[in-house]
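Beneath this line is the structure, given in structure tokens, with notes to follow.
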Amino acid sequence: MADIGIVSYGANIPRLRIKIEEIAKVWGKDGGSISKGLGITEKSVPSIDQDTATISVEAARAALKRCKINPKDIGAIYIGSESHPYAVKPTGTIVGEAIGATPDLMVADYEFACKAGTAGIQSCTALVKADMIKYGLAIGADTSQAAPGDALEFSASAGGAAFIIGKDNIIATINHTLSYTTDTPDFWRRAERKYPSHGGRFTGAPAYFKHVSNCANNLMEKMGTKPTDYTYAIFHQPNGKFPTNVAKKLGFTTEQIKQGLVVPFIGNTYSGASLVGLASVLDVAKTGDRIILTSYGSGAGSDGFDITVTDGISNLARNNAPTVKEMVDDKTYIDYGTYAKITDLLYWE
Amino acid sequence: MRDVAVIGVGLTEFGELWDKSFRHLIAEAGSKAILDSGISGSDIDAMYIGSMSSGRFIGQEHVGALVADASGFSNLHIPSTRVEGACASGGLAVREGYLSIASGLNDVVVVGGIEKMNDVAGATATETLVTAADQEWEAFFGATFPGIYALIATRHMHEHGTTREQLAQVAVKNHANGALNPHAQYRREITVKQVLNSTMVAYPLSILDCSPVTDGAASIVLCAAEKAKKFTDKPVKIIGSGQASDSLALHGRRDICTLDATVHASKMAYNQAKLTAKDIDVAEVHDCFTIGEICAIEDLGFVEKGEGGKAIENKITTLDGKIPVNTSGGLKAKGHPVGATGVAQVVEIIQQLRGDADKRQVKNARIGLAHNIGGSGATCTVHVLEAM
Amino acid sequence: MKSNVARFWREIPQRYSIMGNKCGSCERVFFPPRESCPFCRRKSIGKMMDYKLSGKGEVVSYTIIHVAPEDFEEQVPYPIAIIKLEEGPQVTAQIVDCDIDDVKIGMKVESTFRRIQEDGYIGAIYYGYKFKPLR
């Protein structure tokens, strides 16, 4: 049976940035210590004309620019986000139209907090494996909301990444994927409400750490691997501390997680988080590199992927689209007043 | 084709006229023109009314019929047609009236132009004005009407070295003229410094580079030239009439800083009159924005392309200059009740050619020109007139 | 809700993908697409072919909008430019992703997919092209 894997990838990170210290200043808090405690220096902010749809389109177009597939051969599009522009009307069709994949296309939008994008990859993998589609496009993207003055305001940011899954011309095989899922209310947003709520410290051990650890361990057990077998480890990154701590607990080194850890520079892009980390790794990966990716979505669950980079990566025109590092470095700072205007914190009629 | 003369003119005050409705304004202008002309109601063969957007400004369409009614002519069942070409609606009404007489169909025609812009909020007025531009491919993407003219200005500055100071001088000159015009909306002088320091609207155009939102109406009575002396001893002949169109969007033009429609319409009018630009003694041109006047004097042939800025600087177009332009104060100081403008321009030229322009009188004005533009140059009418 | 849905839906291929057309007779490219070629006129009827423009072009003129319509008020001040696309047609659009002072005539740009406007809080969202500096 042919290998199934990633055919191409692309990411998109908005240019605007706000420093943690700038936000802290407004709320009378010590930005320096918050920044250090969170392991985040600054976060990305979408401009007024950017949203999950525009980020998804740009990421998908970047993925297409790097490979040679015909967009009409994409048979399914799944976009995972907590900030789809419409509550009812899919983001997937906007992207489908914008990349020329319509009309012979399966589309549905996904939601599972920050792991909705990886769930999309799982679905695409299954459809490809079942020979129901030639290529699938999975995207995780968000322009995440945070209540003013809440702890999440320091990390909730915007960005996303797109992955084309298929059997032909793959750059990395998806050796296996599995999930670890329970009903755990660590972080949620009720319908009709603008901002999420969370369980404070409950979001740690019983939520993030439990699911990420179990998922990663189950995956390594299934694959018969140890942490040292992997070149790169990517974890969901709500801040700089959680992924660093879970990596240590699981036996991964700082070196292994470094390339895939983007949260210190752009904040938590929610459904984009671990996927932008994966894009960052693929920007530099070489044939034979093995990757373990464990996402996390509140509610709660983790999707794990065991990935091996193939020599197909040398055929991918990675230079045809900006790398994650290039987008991280392409930035301009705004102040809190501008941030409030953009993120609609001001009542506007 | 017969010769056509203007035998009467009428104008309301221009400004923010809270007490005067649409119907009142057009009836006032119309009755002044009719009284001035010496005709009686039963002489009128047809009416042509220019109004850009009565629908959006006062929620009323069908204004051809409304104006005939408001003027007291419904019982005479006079044919009345509303003509629209954005800001050139007035000039188009003049041309339609002219053609209906020149063709031999009508002998006496009343032409009116009217816009009542202050019955809606300022934002609505602005939104309405931009319908003169391409709604799908310019306005939809965030271009405003001043923004579109600003695109002309930036390019003109880049290609021909025109400066913001030169643009400002257009406004200064027109305010100086407007100060002498009892009908003008603004009758105070301004300085270049004031223009440059005024609020930016769309770089490089600031608020004082832009014509205002205005209520007002104007009217003229046209008559077959051979019958004109029956009614008046001061007829003025229309010796040339031209009209042209161009792409709706500015980005569709051959050259962004030339209004080809002006070039073509004026050629048409000059050819008919067997004249050139050099023969014009006084002109009313379309300065909806200061850059509009700079382009107009170039595209009408008064100066070479690109020399418009220098011409203003060298005071060639002031009241006592070589070719006085916008002696009325132009759209900038006189005001710009959109549909009325084209007709009001002809009224000013008539006043000049009759010697009735009082403090604004250009000495020995014998041949005058009225230039009216729709949108950013998608429609243009040019009329050349001569005292009979 | 102003209910312009059909009018804007119809233009999705143009706004999302800069889909124009090409005259089968003289090969000129048009954007937005035309029913017939203004140069070949009747010779082009039935011969116009869909053509996707690259989105790359150059700024031919620009302005900075300071007084904007209601839907654009939050973005003020913003640059609007006339861009000459490499295939020939010109478009009017916003320039994004750079400082206002960096917008210059002659600047090379490429299209990007952005929210253009929306029909209030309850109406549809309209996406389309803006242009950013070609990096």
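By order in the structure tokens, chains are A, B, ...; within a chain, residues start at 1; ligands start at 1, following the order shown.
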
With a cut-off of 6 Å, could you pull out the residues of chain C touching chain B and give me the nearest pair of atoms for each, distance in Å to one decimal, using only C-alpha atoms, ordered by chain and ascending number, as a tab-separated table?
```
residue	atom	partner	partner_atom	distance
C:Ser61	CA	B:Arg155	CA	5.4
C:Tyr62	CA	B:Leu151	CA	5.3
C:Thr63	CA	B:Tyr203	CA	5.2
C:Ile64	CA	B:Tyr203	CA	5.0
C:Ile65	CA	B:Ala202	CA	4.4
C:His66	CA	B:Val201	CA	5.0
C:Val67	CA	B:Val201	CA	5.2
C:Gln90	CA	B:His251	CA	5.5
C:Val91	CA	B:His251	CA	5.9
C:Thr92	CA	B:Glu138	CA	5.6
C:Ala93	CA	B:Phe141	CA	5.7
```

For this session: Considering only C-alpha atoms, return as a ChimeraX atom specification whatever protein or nucleic-acid residues lie within 10 Å of A:Gly32, sequence-local ones (same chain, fewer than 5 positions apart) excluded.
Result: /A:20-21,24-25,37,41

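Taking the backbone of this structure through DSSP, the residues of stretch 181-235 of chain B that come out as strand (DSSP E or B) are Met200, Val201, Ala202, Leu205, Ser206, Cys210, Asp215, Gly216, Ala217, Ala218, Ser219, Ile220, Val221, Leu222, Cys223 and Ala224 of chain B.
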
Expected file contents, prior selection, N, CA and C atoms, as a CSV table (one decimal), in the first residue's frame:
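Below is the file again_17.csv, written as the result:
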```csv
chain,number,residue,atom,x,y,z
B,200,MET,N,-6.9,67.1,6.1
B,200,MET,CA,-6.7,66.2,4.9
B,200,MET,C,-7.9,65.4,4.7
B,201,VAL,N,-8.3,65.3,3.4
B,201,VAL,CA,-9.4,64.4,3.1
B,201,VAL,C,-8.9,63.2,2.4
B,202,ALA,N,-8.1,63.4,1.3
B,202,ALA,CA,-7.5,62.3,0.6
B,202,ALA,C,-6.2,62.9,0.0
B,205,LEU,N,-5.3,66.1,-1.4
B,205,LEU,CA,-6.4,67.0,-1.4
B,205,LEU,C,-6.9,67.2,0.1
B,206,SER,N,-6.9,68.5,0.5
B,206,SER,CA,-7.5,68.7,1.9
B,206,SER,C,-8.9,69.3,1.7
B,210,CYS,N,-11.6,70.9,-1.9
B,210,CYS,CA,-12.8,70.2,-2.3
B,210,CYS,C,-14.0,71.1,-2.4
B,215,ASP,N,-27.1,73.2,-1.7
B,215,ASP,CA,-28.4,73.2,-2.3
B,215,ASP,C,-28.5,74.3,-3.3
B,216,GLY,N,-29.2,74.1,-4.4
B,216,GLY,CA,-29.3,75.2,-5.3
B,216,GLY,C,-29.9,74.8,-6.6
B,217,ALA,N,-30.4,75.8,-7.4
B,217,ALA,CA,-31.0,75.5,-8.7
B,217,ALA,C,-30.6,76.6,-9.7
B,218,ALA,N,-30.6,76.2,-11.0
B,218,ALA,CA,-30.3,77.2,-12.0
B,218,ALA,C,-31.2,76.9,-13.2
B,219,SER,N,-31.5,77.9,-14.0
B,219,SER,CA,-32.3,77.6,-15.2
B,219,SER,C,-32.0,78.5,-16.3
B,220,ILE,N,-32.1,78.1,-17.5
B,220,ILE,CA,-32.0,78.9,-18.7
B,220,ILE,C,-33.1,78.6,-19.7
B,221,VAL,N,-33.5,79.6,-20.5
B,221,VAL,CA,-34.5,79.4,-21.5
B,221,VAL,C,-33.8,79.5,-22.8
B,222,LEU,N,-34.0,78.4,-23.6
B,222,LEU,CA,-33.4,78.3,-25.0
B,222,LEU,C,-34.5,78.6,-26.0
B,223,CYS,N,-34.0,79.2,-27.1
B,223,CYS,CA,-35.0,79.5,-28.1
B,223,CYS,C,-34.3,79.4,-29.5
B,224,ALA,N,-35.0,79.1,-30.5
B,224,ALA,CA,-34.4,79.1,-31.9
B,224,ALA,C,-33.9,80.5,-32.1
```

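Pairwise distance (atom CA of A:His84, atom CA of C:Gln14) equals 23.1 Å.
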
For this session: Report as a VMD selection string the set of chain C residues whose atoms approach chain A to within 8 Å, with distances computed over only C-alpha atoms.
Result: chain C and resid 13 16 to 17 74 to 75 97 112 to 116

Only N, CA and C atoms, please: the residues just picked out, written as a PDB file, in the first residue's frame.
```
ATOM      1  N   PRO C  13     -15.340  35.173  -8.436  1.00  0.00           N
ATOM      2  CA  PRO C  13     -14.118  34.798  -9.177  1.00  0.00           C
ATOM      3  C   PRO C  13     -13.218  36.010  -9.448  1.00  0.00           C
ATOM      4  N   TYR C  16     -11.939  37.232  -5.624  1.00  0.00           N
ATOM      5  CA  TYR C  16     -11.086  36.255  -4.932  1.00  0.00           C
ATOM      6  C   TYR C  16      -9.840  35.931  -5.751  1.00  0.00           C
ATOM      7  N   SER C  17     -10.017  35.766  -7.060  1.00  0.00           N
ATOM      8  CA  SER C  17      -8.926  35.194  -7.864  1.00  0.00           C
ATOM      9  C   SER C  17      -8.493  36.050  -9.043  1.00  0.00           C
ATOM     10  N   GLU C  74     -12.825  52.459  10.263  1.00  0.00           N
ATOM     11  CA  GLU C  74     -11.846  51.909  11.211  1.00  0.00           C
ATOM     12  C   GLU C  74     -10.451  51.788  10.638  1.00  0.00           C
ATOM     13  N   GLN C  75     -10.325  51.852   9.321  1.00  0.00           N
ATOM     14  CA  GLN C  75      -9.015  51.635   8.713  1.00  0.00           C
ATOM     15  C   GLN C  75      -8.272  52.924   8.399  1.00  0.00           C
ATOM     16  N   ASP C  97      -0.012  46.173   4.474  1.00  0.00           N
ATOM     17  CA  ASP C  97       1.261  45.564   4.916  1.00  0.00           C
ATOM     18  C   ASP C  97       2.485  46.433   4.711  1.00  0.00           C
ATOM     19  N   THR C 112      -3.271  40.203  -2.362  1.00  0.00           N
ATOM     20  CA  THR C 112      -3.454  39.401  -1.164  1.00  0.00           C
ATOM     21  C   THR C 112      -4.949  39.332  -0.865  1.00  0.00           C
ATOM     22  N   PHE C 113      -5.363  38.277  -0.175  1.00  0.00           N
ATOM     23  CA  PHE C 113      -6.784  38.011   0.060  1.00  0.00           C
ATOM     24  C   PHE C 113      -7.187  38.606   1.401  1.00  0.00           C
ATOM     25  N   ARG C 114      -8.116  39.559   1.376  1.00  0.00           N
ATOM     26  CA  ARG C 114      -8.500  40.229   2.611  1.00  0.00           C
ATOM     27  C   ARG C 114      -9.997  40.459   2.671  1.00  0.00           C
ATOM     28  N   ARG C 115     -10.482  40.801   3.869  1.00  0.00           N
ATOM     29  CA  ARG C 115     -11.862  41.246   4.023  1.00  0.00           C
ATOM     30  C   ARG C 115     -11.955  42.639   3.424  1.00  0.00           C
ATOM     31  N   ILE C 116     -12.898  42.871   2.533  1.00  0.00           N
ATOM     32  CA  ILE C 116     -13.047  44.209   1.969  1.00  0.00           C
ATOM     33  C   ILE C 116     -14.076  44.990   2.765  1.00  0.00           C
TER      34      ILE C 116
END
```

For this session: List the neighbours of C:Ala124 out to 8 Å using only C-alpha atoms; skip same-chain residues closer than 5 positions along the sequence, and give me the result as a PyMOL selection string.
Result: chain C and resi 5+118-119

Exercise. Which parts of stretch 26-116 of chain A does DSSP call alpha helix (DSSP H) when run on the backbone here, written out as a PyMOL selection string?
Worked result: chain A and resi 26+31-38+52-66+91-99+116

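Residues with any atom within 9 Å of A:Thr203, counting only C-alpha atoms and excluding same-chain neighbours fewer than 5 positions away, are Pro185, Asp186, Phe187, His198, Tyr208, Phe209 and Ser298 of chain A.
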
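Put simply, atom CA of A:Ala321 is 8.7 Å away from atom CA of A:Ala11.
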
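Residues in contact range of stretch 222-225 of chain A, defined as at most 10 Å between only C-alpha atoms, with sequence neighbours fewer than 4 positions away removed, read Asn175, His176, Thr177, Leu178, Ala216, Asn217, Asn218, Asp229, Tyr230 and Asp306 of chain A.
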
Keeping only N, CA and C atoms, write those residues as a PDB file, in the first residue's frame.
```pdb
ATOM      1  N   ASN A 175       3.121   8.286   9.436  1.00  0.00           N
ATOM      2  CA  ASN A 175       3.255   6.870   9.768  1.00  0.00           C
ATOM      3  C   ASN A 175       2.062   6.364  10.571  1.00  0.00           C
ATOM      4  N   HIS A 176       1.597   7.213  11.464  1.00  0.00           N
ATOM      5  CA  HIS A 176       0.432   6.839  12.265  1.00  0.00           C
ATOM      6  C   HIS A 176      -0.159   8.077  12.914  1.00  0.00           C
ATOM      7  N   THR A 177      -1.458   8.007  13.209  1.00  0.00           N
ATOM      8  CA  THR A 177      -2.070   9.053  14.012  1.00  0.00           C
ATOM      9  C   THR A 177      -3.068   8.429  14.964  1.00  0.00           C
ATOM     10  N   LEU A 178      -3.084   8.926  16.209  1.00  0.00           N
ATOM     11  CA  LEU A 178      -4.101   8.493  17.151  1.00  0.00           C
ATOM     12  C   LEU A 178      -4.448   9.656  18.075  1.00  0.00           C
ATOM     13  N   ALA A 216       1.003  11.269  23.537  1.00  0.00           N
ATOM     14  CA  ALA A 216       2.373  11.065  23.045  1.00  0.00           C
ATOM     15  C   ALA A 216       2.900   9.692  23.450  1.00  0.00           C
ATOM     16  N   ASN A 217       2.648   9.321  24.707  1.00  0.00           N
ATOM     17  CA  ASN A 217       3.125   8.010  25.177  1.00  0.00           C
ATOM     18  C   ASN A 217       2.438   6.873  24.425  1.00  0.00           C
ATOM     19  N   ASN A 218       1.125   6.996  24.235  1.00  0.00           N
ATOM     20  CA  ASN A 218       0.403   5.947  23.495  1.00  0.00           C
ATOM     21  C   ASN A 218       0.949   5.810  22.081  1.00  0.00           C
ATOM     22  N   ASP A 229      14.279   8.818  19.328  1.00  0.00           N
ATOM     23  CA  ASP A 229      14.121   8.435  17.914  1.00  0.00           C
ATOM     24  C   ASP A 229      13.681   9.600  17.045  1.00  0.00           C
ATOM     25  N   TYR A 230      13.282  10.680  17.701  1.00  0.00           N
ATOM     26  CA  TYR A 230      12.720  11.790  16.937  1.00  0.00           C
ATOM     27  C   TYR A 230      13.703  12.943  16.801  1.00  0.00           C
ATOM     28  N   ASP A 306       2.938  10.652  14.015  1.00  0.00           N
ATOM     29  CA  ASP A 306       4.330  10.223  13.862  1.00  0.00           C
ATOM     30  C   ASP A 306       4.645  10.417  12.382  1.00  0.00           C
TER      31      ASP A 306
END
```

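Nearest to B:Thr128 of all the residues C:Pro32, C:Pro69, C:Tyr51, C:Ile18 is C:Pro69, based on only C-alpha atoms.
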
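Taking atom CA of A:Leu137 as the reference point, atom CA of A:Gly75 is found at 8.1 Å.
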
Problem set entry | Selection: 12 Å around A:Gly166, only C-alpha atoms, excl. self and same-chain fewer than 3 positions, as a ChimeraX atom specification | /A:2-9,69,73-76,121-138,163,169-174
